[in-house]
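A short worksheet on the structure shown next.
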Amino acid sequence: MRYLPHSDHERAEMLGIIGAPDVDALFSAVPKAAFKNFSLDLPAHSPEFLVEAHMRALAGRNRSGGDGPFFVGAGAYRHHIPATVDHLIQRSEWLTAYTPYQPEISQGTLQMLFEFQTQVAKITGMEVANASLYDGSTGTAEAVLMARRLTRKDKIVLSDGLHPHYRDVVKAYLKDDPDLVCLSPSPEGQGDILEQIDGNTAAIVIQTPDFYGHLRDLKQAADAAHAQGALLIVVITEIVSLGLLEAPGALGADIVVAEGQSIGNALNFGGPYLGLMATRKEFLRQMPGRICGETVDADGNRGFVLTLSTREQHIRREKATSNICTNSGLCALAFSIHMALLGEAGFTRLARLNHANAIVLADTLAGIPGVTVLNKTFFNEMTIRVSQPAAALVERLASRGILAGVPASRLLPGDPEVDNLIILAATELTTQTDIAALAAALVEELA
């Protein structure tokens with residue numbers, strides 16, 4: 001893309017057309033806290049080989065999930081990704097594919113997305129799924145906006161167990177809307193979202209397993225929401241849990257959004273990740289993103305097309321259902337390949353392995369002086385209370401080569417109620433040796 005500079009006169013003319021007094025007004029929606037208020041202290045210039053050496057040194061300070069005992073979760077999980085997945089997604093046919101607007105030359109991409117949608121609908125127990133969104137957090141915000149359109153109501157209630165990052169993304173989308181109710185964090189799962197439902201409620205948003213690992217009663221929540229004409233939005237950050245838990249659709253969910261990173265997509269130091277969304281067929285027209293469908297061509301042969309693209313911003317921006325602009329195509333492909341390799345039986349076995357390892361982890365932690373496991377229910381993630389500030393303890397354990405989970409205070413800063421809490425996850429990659437190493441280190445550090 002070429003850089004085309006504009007004169008001061010041209011800038012003033014453009015600002016006048018859109019009604020902005022100056023360039024700074026274009027960024028008025030950005031919170032002040034997000035603006036840089038410090039010097040980057042960058043050198044003026046440096047030879048390319050020195051820059052490369054410097055960047056390699058910085059990268060060398062990263063710790064990967066395979067460097068030792070690893071119990072980090074809280075929305076991003078370490079799972080085994082078969083080598084077949086990486087091999088297939090790097091084929092040139094996939095790497096060069098783009099948005100499938102021309103079905104006659106995009107049948108492979110369209111069929112892949114169709115199969116992906118089918119897999120997502122199957123595991124969530126819903127009738128239709130879209131061809132992916134950016135990630136779980138933006139998917140949650142899109143689901144909230146979708147619920148408002150469907151119900152023509154305003155009140156949104158976010159559960160006490162919703163991931164803090166997801167909550168913050170919804171708040172950013174709604175710009176501190178007074179009809180957005182965010183319940184206080186509930187590490188022991190004691191909050192009651194059902195008390196917040198009234199006749200003006202568009203939707204309640206419940207995560208299960210929640211941020212602290214607790215399993216939530218979706219059937220009761222769905223019945224309570226529907227009695228008031230509200231929708232139930234279910235959020236899942238650990239999609240592997242659906243290999244063992246009953247599908248949200250079977251329990252009354254109206255919209256399901258999830259983070260698909262656990263299947264086919266490695267941690268990658270933070271992304272890119274993959275947003276899943278599924279809903280009931282009657283809500284199809286209000287679902288953001290795009291949907292691929294199956295049809296026949298003029299000769300009666302099976303084919304695939306882009307059935308629905310709710311991105312009216314192409315031609316009628318003011319009527320756009322959503323301005324989310326594309327799908328995470330390569331990540332969706334990785335998800336679909338991994339899911340196909342697993343099959344239904346493999347997906348269930350993977351979930352059972354995760355839960356079995358989590359049971360061993362919970363039982364081991366419960367026997368350590370100075371540690372209390374807060375969960376009565378969990379899938380592969382749990383929260384513990386320790387007798388020391390959690391953040392400092394996790395750092396000391398990291399210096400010993402053990403990544404012992406996420407201090408809750410890292411995602412909920414300024415809340416003294418969570419200062420001694422650590423969220424830990426166990427997956428199929430967690431070994432008995434890993435758990436023993438964590439337990440021994442905790443005994444020493446908490447003595």
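We label chains A, B, ... in the order they appear in the structure tokens, count residues from 1 in each chain, and number ligands from 1 in the order shown.
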Point to revise | strand (DSSP E or B) residues, from DSSP on the backbone, in stretch 94-338 of chain A, as a PyMOL selection string | key: chain A and resi 128-129+133+155-158+180-182+201-207+231-236+255-259+275-279+290-296+302-309
**Study point:** Residues within 7 Å of stretch 363-375 of chain A, only C-alpha atoms, excluding chain neighbours under 4 positions, as a VMD selection string
**Key:** chain A and resid 188 214 359 382 to 387 439 443 446
Selection to disk with C-alpha atoms, as a short mmCIF file (atom, residue, chain, number, x, y, z; two decimals), in the first residue's frame:
```
data_model
loop_
_atom_site.label_atom_id
_atom_site.label_comp_id
_atom_site.auth_asym_id
_atom_site.auth_seq_id
_atom_site.Cartn_x
_atom_site.Cartn_y
_atom_site.Cartn_z
CA GLU A 188 -16.38 -19.42 44.84
CA HIS A 214 -16.90 -23.65 38.18
CA ILE A 359 -8.91 -34.41 39.33
CA MET A 382 -9.74 -24.63 39.14
CA THR A 383 -8.99 -21.82 41.56
CA ILE A 384 -6.94 -22.14 44.73
CA ARG A 385 -6.46 -19.80 47.66
CA VAL A 386 -2.92 -19.69 49.04
CA SER A 387 -1.61 -18.31 52.31
CA ALA A 439 3.25 -29.73 44.77
CA VAL A 443 5.20 -27.03 50.00
CA LEU A 446 4.42 -21.89 51.62
#
```
As a short mmCIF file (atom, residue, chain, number, x, y, z; two decimals) with all heavy atoms, in the first residue's frame, which residues of stretch 66-175 of chain A does DSSP assign to helix (DSSP H, G or I)?
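Saved result, result00.cif, follows:
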```cif
data_model
loop_
_atom_site.label_atom_id
_atom_site.label_comp_id
_atom_site.auth_asym_id
_atom_site.auth_seq_id
_atom_site.Cartn_x
_atom_site.Cartn_y
_atom_site.Cartn_z
N ALA A 83 0.86 -33.03 14.29
CA ALA A 83 1.73 -32.47 13.23
C ALA A 83 0.98 -32.36 11.91
O ALA A 83 1.28 -31.49 11.08
CB ALA A 83 2.97 -33.34 13.08
N THR A 84 -0.01 -33.21 11.70
CA THR A 84 -0.79 -33.19 10.47
C THR A 84 -1.47 -31.83 10.27
O THR A 84 -1.60 -31.36 9.12
CB THR A 84 -1.87 -34.29 10.51
OG1 THR A 84 -1.25 -35.53 10.81
CG2 THR A 84 -2.61 -34.39 9.20
N VAL A 85 -1.91 -31.21 11.35
CA VAL A 85 -2.61 -29.93 11.25
C VAL A 85 -1.69 -28.88 10.63
O VAL A 85 -2.04 -28.22 9.65
CB VAL A 85 -3.10 -29.46 12.64
CG1 VAL A 85 -3.69 -28.05 12.55
CG2 VAL A 85 -4.12 -30.44 13.20
N ASP A 86 -0.49 -28.75 11.18
CA ASP A 86 0.44 -27.74 10.68
C ASP A 86 0.84 -28.03 9.25
O ASP A 86 0.99 -27.12 8.43
CB ASP A 86 1.68 -27.69 11.59
CG ASP A 86 2.55 -26.48 11.31
OD1 ASP A 86 2.01 -25.36 11.29
OD2 ASP A 86 3.77 -26.66 11.10
N HIS A 87 1.01 -29.31 8.93
CA HIS A 87 1.39 -29.68 7.55
C HIS A 87 0.32 -29.26 6.56
O HIS A 87 0.62 -28.68 5.50
CB HIS A 87 1.63 -31.19 7.47
CG HIS A 87 1.85 -31.68 6.07
ND1 HIS A 87 3.03 -31.47 5.38
CD2 HIS A 87 1.03 -32.35 5.22
CE1 HIS A 87 2.93 -31.99 4.17
NE2 HIS A 87 1.73 -32.54 4.04
N LEU A 88 -0.93 -29.55 6.89
CA LEU A 88 -2.01 -29.28 5.93
C LEU A 88 -2.31 -27.79 5.79
O LEU A 88 -2.56 -27.32 4.67
CB LEU A 88 -3.27 -30.03 6.35
CG LEU A 88 -3.21 -31.56 6.20
CD1 LEU A 88 -4.49 -32.20 6.71
CD2 LEU A 88 -2.97 -31.95 4.75
N ILE A 89 -2.27 -27.04 6.87
CA ILE A 89 -2.62 -25.62 6.74
C ILE A 89 -1.54 -24.83 6.01
O ILE A 89 -1.79 -23.71 5.56
CB ILE A 89 -2.89 -24.96 8.11
CG1 ILE A 89 -1.63 -24.89 8.97
CG2 ILE A 89 -4.02 -25.66 8.85
CD1 ILE A 89 -1.80 -24.10 10.26
N SER A 92 -0.04 -24.58 -0.09
CA SER A 92 -0.21 -23.30 -0.78
C SER A 92 -1.67 -23.00 -1.09
O SER A 92 -2.09 -21.84 -1.14
CB SER A 92 0.60 -23.29 -2.07
OG SER A 92 0.18 -24.32 -2.94
N GLU A 93 -2.48 -24.06 -1.28
CA GLU A 93 -3.90 -23.82 -1.59
C GLU A 93 -4.60 -23.06 -0.47
O GLU A 93 -5.51 -22.26 -0.70
CB GLU A 93 -4.63 -25.15 -1.81
CG GLU A 93 -4.12 -25.96 -2.98
CD GLU A 93 -3.11 -27.01 -2.54
OE1 GLU A 93 -2.27 -26.69 -1.67
OE2 GLU A 93 -3.16 -28.14 -3.05
N TRP A 94 -4.15 -23.30 0.78
CA TRP A 94 -4.78 -22.62 1.92
C TRP A 94 -4.11 -21.28 2.19
O TRP A 94 -4.78 -20.29 2.48
CB TRP A 94 -4.69 -23.51 3.16
CG TRP A 94 -5.40 -24.81 3.05
CD1 TRP A 94 -4.85 -26.06 3.15
CD2 TRP A 94 -6.80 -25.01 2.81
NE1 TRP A 94 -5.82 -27.01 3.00
CE2 TRP A 94 -7.02 -26.40 2.79
CE3 TRP A 94 -7.88 -24.15 2.62
CZ2 TRP A 94 -8.29 -26.95 2.58
CZ3 TRP A 94 -9.13 -24.70 2.41
CH2 TRP A 94 -9.33 -26.08 2.39
N LEU A 95 -2.81 -21.23 2.10
CA LEU A 95 -2.11 -20.01 2.46
C LEU A 95 -2.45 -18.85 1.53
O LEU A 95 -2.38 -17.69 1.92
CB LEU A 95 -0.59 -20.24 2.45
CG LEU A 95 -0.04 -21.07 3.62
CD1 LEU A 95 1.44 -21.29 3.44
CD2 LEU A 95 -0.31 -20.38 4.95
N PRO A 103 -17.54 -18.20 -5.89
CA PRO A 103 -17.62 -19.63 -5.58
C PRO A 103 -17.04 -20.52 -6.65
O PRO A 103 -16.56 -21.62 -6.35
CB PRO A 103 -19.13 -19.86 -5.41
CG PRO A 103 -19.79 -18.73 -6.12
CD PRO A 103 -18.88 -17.56 -5.97
N GLU A 104 -17.04 -20.08 -7.89
CA GLU A 104 -16.54 -20.94 -8.96
C GLU A 104 -15.04 -21.22 -8.82
O GLU A 104 -14.54 -22.20 -9.38
CB GLU A 104 -16.83 -20.32 -10.33
CG GLU A 104 -16.15 -18.99 -10.61
CD GLU A 104 -16.94 -17.79 -10.09
OE1 GLU A 104 -17.86 -18.00 -9.28
OE2 GLU A 104 -16.62 -16.67 -10.52
N ILE A 105 -14.32 -20.38 -8.08
CA ILE A 105 -12.89 -20.63 -7.89
C ILE A 105 -12.53 -20.83 -6.43
O ILE A 105 -11.36 -20.87 -6.08
CB ILE A 105 -12.04 -19.47 -8.48
CG1 ILE A 105 -12.36 -18.16 -7.77
CG2 ILE A 105 -12.21 -19.37 -9.97
CD1 ILE A 105 -11.43 -17.02 -8.15
N GLN A 107 -14.20 -23.31 -4.23
CA GLN A 107 -14.96 -24.44 -3.69
C GLN A 107 -14.26 -25.10 -2.50
O GLN A 107 -14.90 -25.51 -1.54
CB GLN A 107 -15.23 -25.48 -4.79
CG GLN A 107 -16.34 -25.09 -5.74
CD GLN A 107 -17.68 -24.91 -5.01
OE1 GLN A 107 -18.25 -25.88 -4.53
NE2 GLN A 107 -18.15 -23.68 -4.93
N GLY A 108 -12.93 -25.20 -2.55
CA GLY A 108 -12.22 -25.81 -1.42
C GLY A 108 -12.39 -25.03 -0.15
O GLY A 108 -12.69 -25.58 0.91
N THR A 109 -12.19 -23.72 -0.23
CA THR A 109 -12.34 -22.86 0.94
C THR A 109 -13.77 -22.89 1.46
O THR A 109 -14.01 -22.99 2.67
CB THR A 109 -11.94 -21.41 0.59
OG1 THR A 109 -10.57 -21.39 0.18
CG2 THR A 109 -12.12 -20.50 1.79
N LEU A 110 -14.72 -22.81 0.56
CA LEU A 110 -16.13 -22.80 0.96
C LEU A 110 -16.52 -24.12 1.61
O LEU A 110 -17.23 -24.13 2.62
CB LEU A 110 -17.01 -22.53 -0.26
CG LEU A 110 -17.02 -21.08 -0.76
CD1 LEU A 110 -17.57 -21.01 -2.17
CD2 LEU A 110 -17.81 -20.18 0.18
N GLN A 111 -16.06 -25.23 1.06
CA GLN A 111 -16.40 -26.52 1.66
C GLN A 111 -15.78 -26.64 3.05
O GLN A 111 -16.42 -27.13 3.99
CB GLN A 111 -15.94 -27.68 0.79
CG GLN A 111 -16.32 -29.04 1.42
CD GLN A 111 -16.06 -30.21 0.51
OE1 GLN A 111 -15.64 -30.06 -0.62
NE2 GLN A 111 -16.31 -31.42 1.01
N MET A 112 -14.54 -26.17 3.21
CA MET A 112 -13.90 -26.22 4.52
C MET A 112 -14.71 -25.43 5.54
O MET A 112 -14.97 -25.90 6.66
CB MET A 112 -12.48 -25.66 4.41
CG MET A 112 -11.71 -25.65 5.73
SD MET A 112 -12.03 -24.22 6.82
CE MET A 112 -11.32 -22.90 5.87
N LEU A 113 -15.15 -24.23 5.17
CA LEU A 113 -15.92 -23.42 6.10
C LEU A 113 -17.28 -24.04 6.39
O LEU A 113 -17.79 -23.95 7.51
CB LEU A 113 -16.08 -22.00 5.53
CG LEU A 113 -14.80 -21.17 5.44
CD1 LEU A 113 -15.07 -19.85 4.74
CD2 LEU A 113 -14.20 -20.93 6.82
N PHE A 114 -17.86 -24.69 5.39
CA PHE A 114 -19.12 -25.39 5.61
C PHE A 114 -18.94 -26.52 6.62
O PHE A 114 -19.75 -26.71 7.53
CB PHE A 114 -19.64 -25.93 4.27
CG PHE A 114 -20.94 -26.68 4.38
CD1 PHE A 114 -22.15 -26.00 4.41
CD2 PHE A 114 -20.96 -28.07 4.46
CE1 PHE A 114 -23.36 -26.69 4.51
CE2 PHE A 114 -22.16 -28.76 4.55
CZ PHE A 114 -23.34 -28.07 4.58
N GLU A 115 -17.87 -27.28 6.45
CA GLU A 115 -17.59 -28.38 7.40
C GLU A 115 -17.29 -27.82 8.78
O GLU A 115 -17.71 -28.39 9.80
CB GLU A 115 -16.40 -29.21 6.90
CG GLU A 115 -16.57 -29.81 5.52
CD GLU A 115 -17.62 -30.91 5.46
OE1 GLU A 115 -18.15 -31.28 6.53
OE2 GLU A 115 -17.92 -31.38 4.36
N PHE A 116 -16.57 -26.72 8.84
CA PHE A 116 -16.28 -26.06 10.12
C PHE A 116 -17.57 -25.67 10.83
O PHE A 116 -17.75 -25.93 12.02
CB PHE A 116 -15.39 -24.84 9.87
CG PHE A 116 -15.28 -23.89 11.03
CD1 PHE A 116 -14.41 -24.15 12.07
CD2 PHE A 116 -16.05 -22.73 11.07
CE1 PHE A 116 -14.31 -23.28 13.14
CE2 PHE A 116 -15.95 -21.86 12.13
CZ PHE A 116 -15.08 -22.13 13.17
N GLN A 117 -18.48 -25.04 10.11
CA GLN A 117 -19.76 -24.64 10.70
C GLN A 117 -20.51 -25.86 11.22
O GLN A 117 -21.12 -25.81 12.31
CB GLN A 117 -20.62 -23.93 9.65
CG GLN A 117 -20.11 -22.58 9.22
CD GLN A 117 -20.83 -22.04 8.00
OE1 GLN A 117 -20.53 -20.98 7.50
NE2 GLN A 117 -21.80 -22.78 7.47
N THR A 118 -20.48 -26.94 10.46
CA THR A 118 -21.17 -28.16 10.87
C THR A 118 -20.59 -28.70 12.17
O THR A 118 -21.32 -29.12 13.08
CB THR A 118 -21.05 -29.23 9.77
OG1 THR A 118 -21.56 -28.71 8.55
CG2 THR A 118 -21.83 -30.49 10.14
N GLN A 119 -19.26 -28.68 12.29
CA GLN A 119 -18.62 -29.15 13.52
C GLN A 119 -19.00 -28.28 14.71
O GLN A 119 -19.31 -28.80 15.80
CB GLN A 119 -17.09 -29.15 13.33
CG GLN A 119 -16.60 -30.18 12.34
CD GLN A 119 -15.15 -29.97 11.95
OE1 GLN A 119 -14.63 -28.85 12.03
NE2 GLN A 119 -14.48 -31.03 11.52
N VAL A 120 -19.00 -26.96 14.53
CA VAL A 120 -19.33 -26.05 15.62
C VAL A 120 -20.78 -26.23 16.06
O VAL A 120 -21.09 -26.27 17.26
CB VAL A 120 -19.04 -24.59 15.21
CG1 VAL A 120 -19.53 -23.62 16.30
CG2 VAL A 120 -17.55 -24.39 14.95
N ALA A 121 -21.68 -26.34 15.08
CA ALA A 121 -23.09 -26.55 15.41
C ALA A 121 -23.28 -27.86 16.16
O ALA A 121 -24.07 -27.95 17.11
CB ALA A 121 -23.93 -26.53 14.14
N LYS A 122 -22.55 -28.89 15.75
CA LYS A 122 -22.67 -30.21 16.37
C LYS A 122 -22.24 -30.17 17.84
O LYS A 122 -22.96 -30.67 18.72
CB LYS A 122 -21.82 -31.21 15.59
CG LYS A 122 -21.70 -32.58 16.20
CD LYS A 122 -22.90 -33.43 15.93
CE LYS A 122 -22.65 -34.87 16.40
NZ LYS A 122 -23.85 -35.72 16.25
N ILE A 123 -21.07 -29.62 18.13
CA ILE A 123 -20.56 -29.68 19.50
C ILE A 123 -21.28 -28.72 20.44
O ILE A 123 -21.33 -28.95 21.64
CB ILE A 123 -19.03 -29.44 19.55
CG1 ILE A 123 -18.68 -28.04 19.07
CG2 ILE A 123 -18.29 -30.50 18.77
CD1 ILE A 123 -17.19 -27.71 19.19
N THR A 124 -21.85 -27.64 19.90
CA THR A 124 -22.57 -26.69 20.76
C THR A 124 -24.05 -27.06 20.90
O THR A 124 -24.74 -26.49 21.75
CB THR A 124 -22.48 -25.26 20.20
OG1 THR A 124 -23.00 -25.23 18.86
CG2 THR A 124 -21.04 -24.76 20.21
N GLY A 136 -12.99 -15.26 21.07
CA GLY A 136 -14.11 -15.43 21.97
C GLY A 136 -14.62 -14.13 22.57
O GLY A 136 -15.83 -13.96 22.78
N SER A 137 -13.72 -13.19 22.85
CA SER A 137 -14.14 -11.95 23.51
C SER A 137 -14.95 -11.06 22.58
O SER A 137 -16.02 -10.56 22.97
CB SER A 137 -12.91 -11.19 24.03
OG SER A 137 -12.06 -10.81 22.97
N THR A 138 -14.50 -10.87 21.34
CA THR A 138 -15.28 -10.06 20.41
C THR A 138 -16.56 -10.78 20.02
O THR A 138 -17.58 -10.15 19.75
CB THR A 138 -14.46 -9.72 19.15
OG1 THR A 138 -13.89 -10.91 18.61
CG2 THR A 138 -13.35 -8.74 19.47
N GLY A 139 -16.50 -12.13 20.00
CA GLY A 139 -17.71 -12.89 19.74
C GLY A 139 -18.76 -12.65 20.82
O GLY A 139 -19.96 -12.55 20.53
N THR A 140 -18.32 -12.53 22.07
CA THR A 140 -19.24 -12.25 23.17
C THR A 140 -19.90 -10.90 23.00
O THR A 140 -21.12 -10.74 23.19
CB THR A 140 -18.50 -12.31 24.52
OG1 THR A 140 -17.91 -13.60 24.68
CG2 THR A 140 -19.44 -12.04 25.69
N ALA A 141 -19.12 -9.89 22.64
CA ALA A 141 -19.68 -8.56 22.43
C ALA A 141 -20.67 -8.57 21.26
O ALA A 141 -21.73 -7.93 21.33
CB ALA A 141 -18.55 -7.56 22.17
N GLU A 142 -20.34 -9.28 20.19
CA GLU A 142 -21.25 -9.37 19.06
C GLU A 142 -22.55 -10.08 19.45
O GLU A 142 -23.63 -9.71 18.98
CB GLU A 142 -20.58 -10.12 17.89
CG GLU A 142 -19.45 -9.37 17.23
CD GLU A 142 -19.93 -8.19 16.39
OE1 GLU A 142 -21.12 -8.15 16.04
OE2 GLU A 142 -19.10 -7.30 16.08
N ALA A 143 -22.46 -11.07 20.32
CA ALA A 143 -23.66 -11.78 20.77
C ALA A 143 -24.57 -10.87 21.58
O ALA A 143 -25.80 -10.94 21.49
CB ALA A 143 -23.26 -12.99 21.60
N VAL A 144 -23.96 -10.00 22.38
CA VAL A 144 -24.73 -9.03 23.17
C VAL A 144 -25.50 -8.08 22.25
O VAL A 144 -26.70 -7.82 22.46
CB VAL A 144 -23.79 -8.26 24.11
CG1 VAL A 144 -24.46 -7.01 24.66
CG2 VAL A 144 -23.34 -9.17 25.27
N LEU A 145 -24.82 -7.57 21.24
CA LEU A 145 -25.49 -6.67 20.29
C LEU A 145 -26.59 -7.41 19.53
O LEU A 145 -27.66 -6.86 19.27
CB LEU A 145 -24.47 -6.09 19.31
CG LEU A 145 -23.36 -5.22 19.92
CD1 LEU A 145 -22.39 -4.76 18.83
CD2 LEU A 145 -23.94 -4.03 20.65
N MET A 146 -26.32 -8.66 19.19
CA MET A 146 -27.30 -9.48 18.49
C MET A 146 -28.55 -9.68 19.36
O MET A 146 -29.69 -9.59 18.87
CB MET A 146 -26.66 -10.82 18.15
CG MET A 146 -27.58 -11.82 17.47
SD MET A 146 -26.64 -13.33 17.08
CE MET A 146 -27.99 -14.46 16.74
N ALA A 147 -28.36 -9.93 20.65
CA ALA A 147 -29.49 -10.13 21.56
C ALA A 147 -30.34 -8.86 21.67
O ALA A 147 -31.58 -8.94 21.73
CB ALA A 147 -28.97 -10.53 22.94
N ARG A 148 -29.70 -7.72 21.66
CA ARG A 148 -30.46 -6.46 21.71
C ARG A 148 -31.30 -6.29 20.45
O ARG A 148 -32.44 -5.83 20.52
CB ARG A 148 -29.51 -5.28 21.89
CG ARG A 148 -29.02 -5.08 23.31
CD ARG A 148 -28.20 -3.82 23.45
NE ARG A 148 -28.08 -3.40 24.84
CZ ARG A 148 -27.45 -2.31 25.23
NH1 ARG A 148 -26.88 -1.50 24.34
NH2 ARG A 148 -27.39 -2.00 26.52
N ARG A 149 -30.74 -6.65 19.32
CA ARG A 149 -31.51 -6.53 18.08
C ARG A 149 -32.70 -7.49 18.07
O ARG A 149 -33.79 -7.14 17.61
CB ARG A 149 -30.61 -6.82 16.87
CG ARG A 149 -29.51 -5.81 16.64
CD ARG A 149 -28.85 -6.00 15.28
NE ARG A 149 -28.23 -7.29 15.11
CZ ARG A 149 -26.97 -7.57 15.42
NH1 ARG A 149 -26.20 -6.62 15.95
NH2 ARG A 149 -26.46 -8.78 15.21
N LEU A 150 -32.50 -8.68 18.58
CA LEU A 150 -33.54 -9.69 18.55
C LEU A 150 -34.69 -9.39 19.51
O LEU A 150 -35.85 -9.61 19.20
CB LEU A 150 -32.95 -11.07 18.89
CG LEU A 150 -32.09 -11.72 17.79
CD1 LEU A 150 -31.29 -12.88 18.36
CD2 LEU A 150 -32.97 -12.19 16.64
N THR A 151 -34.35 -8.91 20.70
CA THR A 151 -35.38 -8.70 21.73
C THR A 151 -35.92 -7.29 21.76
O THR A 151 -36.97 -7.04 22.36
CB THR A 151 -34.80 -9.01 23.12
OG1 THR A 151 -33.72 -8.09 23.41
CG2 THR A 151 -34.29 -10.45 23.20
N PRO A 164 -12.63 -11.67 32.84
CA PRO A 164 -12.50 -10.21 32.90
C PRO A 164 -12.20 -9.56 31.55
O PRO A 164 -12.69 -8.46 31.28
CB PRO A 164 -11.35 -10.00 33.90
CG PRO A 164 -11.38 -11.22 34.75
CD PRO A 164 -11.79 -12.34 33.84
N HIS A 165 -11.40 -10.21 30.72
CA HIS A 165 -11.10 -9.63 29.41
C HIS A 165 -12.36 -9.59 28.53
O HIS A 165 -12.58 -8.63 27.79
CB HIS A 165 -10.01 -10.44 28.70
CG HIS A 165 -8.65 -10.23 29.27
ND1 HIS A 165 -7.56 -11.00 28.93
CD2 HIS A 165 -8.18 -9.34 30.19
CE1 HIS A 165 -6.49 -10.59 29.58
NE2 HIS A 165 -6.84 -9.59 30.36
N TYR A 166 -13.17 -10.62 28.61
CA TYR A 166 -14.41 -10.64 27.84
C TYR A 166 -15.35 -9.54 28.33
O TYR A 166 -15.99 -8.85 27.54
CB TYR A 166 -15.09 -12.00 27.98
CG TYR A 166 -14.42 -13.13 27.22
CD1 TYR A 166 -13.03 -13.28 27.23
CD2 TYR A 166 -15.17 -14.06 26.51
CE1 TYR A 166 -12.43 -14.32 26.55
CE2 TYR A 166 -14.57 -15.10 25.82
CZ TYR A 166 -13.19 -15.22 25.84
OH TYR A 166 -12.59 -16.24 25.15
N ARG A 167 -15.43 -9.39 29.65
CA ARG A 167 -16.25 -8.32 30.23
C ARG A 167 -15.78 -6.96 29.73
O ARG A 167 -16.60 -6.11 29.34
CB ARG A 167 -16.15 -8.38 31.76
CG ARG A 167 -16.90 -7.27 32.51
CD ARG A 167 -16.32 -7.07 33.90
NE ARG A 167 -14.92 -6.65 33.82
CZ ARG A 167 -14.03 -6.84 34.79
NH1 ARG A 167 -14.37 -7.46 35.89
NH2 ARG A 167 -12.79 -6.41 34.65
N ASP A 168 -14.46 -6.74 29.72
CA ASP A 168 -13.94 -5.44 29.31
C ASP A 168 -14.20 -5.17 27.83
O ASP A 168 -14.43 -4.01 27.44
CB ASP A 168 -12.43 -5.37 29.60
CG ASP A 168 -12.13 -5.32 31.10
OD1 ASP A 168 -13.07 -5.08 31.88
OD2 ASP A 168 -10.96 -5.53 31.47
N VAL A 169 -14.15 -6.21 26.99
CA VAL A 169 -14.44 -6.02 25.57
C VAL A 169 -15.91 -5.63 25.38
O VAL A 169 -16.24 -4.75 24.58
CB VAL A 169 -14.09 -7.28 24.76
CG1 VAL A 169 -14.61 -7.18 23.33
CG2 VAL A 169 -12.59 -7.50 24.73
N VAL A 170 -16.81 -6.29 26.12
CA VAL A 170 -18.23 -5.93 26.03
C VAL A 170 -18.43 -4.48 26.48
O VAL A 170 -19.16 -3.72 25.82
CB VAL A 170 -19.09 -6.88 26.88
CG1 VAL A 170 -20.54 -6.41 26.92
CG2 VAL A 170 -19.03 -8.30 26.33
N LYS A 171 -17.78 -4.09 27.55
CA LYS A 171 -17.89 -2.71 28.04
C LYS A 171 -17.38 -1.73 27.00
O LYS A 171 -17.96 -0.65 26.82
CB LYS A 171 -17.13 -2.55 29.36
CG LYS A 171 -17.78 -3.26 30.54
CD LYS A 171 -16.92 -3.19 31.79
CE LYS A 171 -16.82 -1.79 32.34
NZ LYS A 171 -16.07 -1.76 33.61
N ALA A 172 -16.31 -2.09 26.31
CA ALA A 172 -15.76 -1.20 25.26
C ALA A 172 -16.75 -1.07 24.10
O ALA A 172 -16.93 0.03 23.56
CB ALA A 172 -14.42 -1.73 24.77
N TYR A 173 -17.38 -2.17 23.71
CA TYR A 173 -18.37 -2.14 22.64
C TYR A 173 -19.56 -1.25 23.02
O TYR A 173 -20.06 -0.48 22.21
CB TYR A 173 -18.89 -3.54 22.35
CG TYR A 173 -18.20 -4.27 21.22
CD1 TYR A 173 -16.85 -4.59 21.28
CD2 TYR A 173 -18.91 -4.68 20.09
CE1 TYR A 173 -16.23 -5.30 20.25
CE2 TYR A 173 -18.30 -5.39 19.06
CZ TYR A 173 -16.96 -5.68 19.15
OH TYR A 173 -16.35 -6.37 18.13
N LEU A 174 -20.02 -1.38 24.28
CA LEU A 174 -21.22 -0.66 24.71
C LEU A 174 -20.92 0.71 25.30
O LEU A 174 -21.84 1.45 25.66
CB LEU A 174 -22.01 -1.50 25.72
CG LEU A 174 -22.50 -2.86 25.22
CD1 LEU A 174 -23.42 -3.50 26.26
CD2 LEU A 174 -23.23 -2.74 23.89
#
```
Check your understanding: Interatomic distance between atom CA of A:His355 and atom CA of A:Leu403?
Key ->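 For atom CA of A:His355 relative to atom CA of A:Leu403, the distance reads 19.5 Å.
Of the residues under consideration (A:Lys319, A:Lys281, A:His9, A:Arg290), A:Arg290 shows the shortest atom-to-atom contact distance to A:Ser132 when counting only C-alpha atoms.
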Point to revise | Using only C-alpha atoms: which of A:Phe379, A:Tyr77, A:Tyr101, A:Phe70 has the shortest distance to A:Ala266 | key: A:Tyr77
Review point. Out of A:Glu381, A:Asp198, A:Asp192, A:Asp415, which residue has the shortest atom-to-atom distance to A:Asp154 when counting only C-alpha atoms?
Key: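 The closest residue to A:Asp154 is A:Asp198.
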Exercise for review: List the neighbours of A:Arg63 out to 10 Å using only C-alpha atoms; skip same-chain residues closer than 5 positions along the sequence, and give me the result as a ChimeraX atom specification.
Suggested key: /A:68,269,398,401,403
Would you output that residue set with N, CA, C and O atoms, as a compact mmCIF listing (two decimals), in the first residue's frame?
```txt
# COMPACT_ATOMS: atom_id res chain seq x y z
N GLY A 68 8.61 -26.60 30.77
CA GLY A 68 8.56 -27.21 32.10
C GLY A 68 7.13 -27.40 32.53
O GLY A 68 6.20 -27.24 31.72
N PHE A 269 2.07 -17.40 21.95
CA PHE A 269 2.34 -16.18 22.70
C PHE A 269 1.22 -15.15 22.59
O PHE A 269 1.44 -13.95 22.57
N ALA A 398 7.90 -19.48 38.92
CA ALA A 398 8.38 -19.34 37.53
C ALA A 398 9.90 -19.35 37.49
O ALA A 398 10.52 -19.90 36.57
N GLY A 401 11.22 -22.64 37.21
CA GLY A 401 10.87 -23.37 36.00
C GLY A 401 9.48 -23.95 35.99
O GLY A 401 9.16 -24.80 35.15
N LEU A 403 5.50 -22.96 35.64
CA LEU A 403 4.48 -21.95 35.35
C LEU A 403 3.19 -22.41 36.03
O LEU A 403 2.45 -23.25 35.52
```
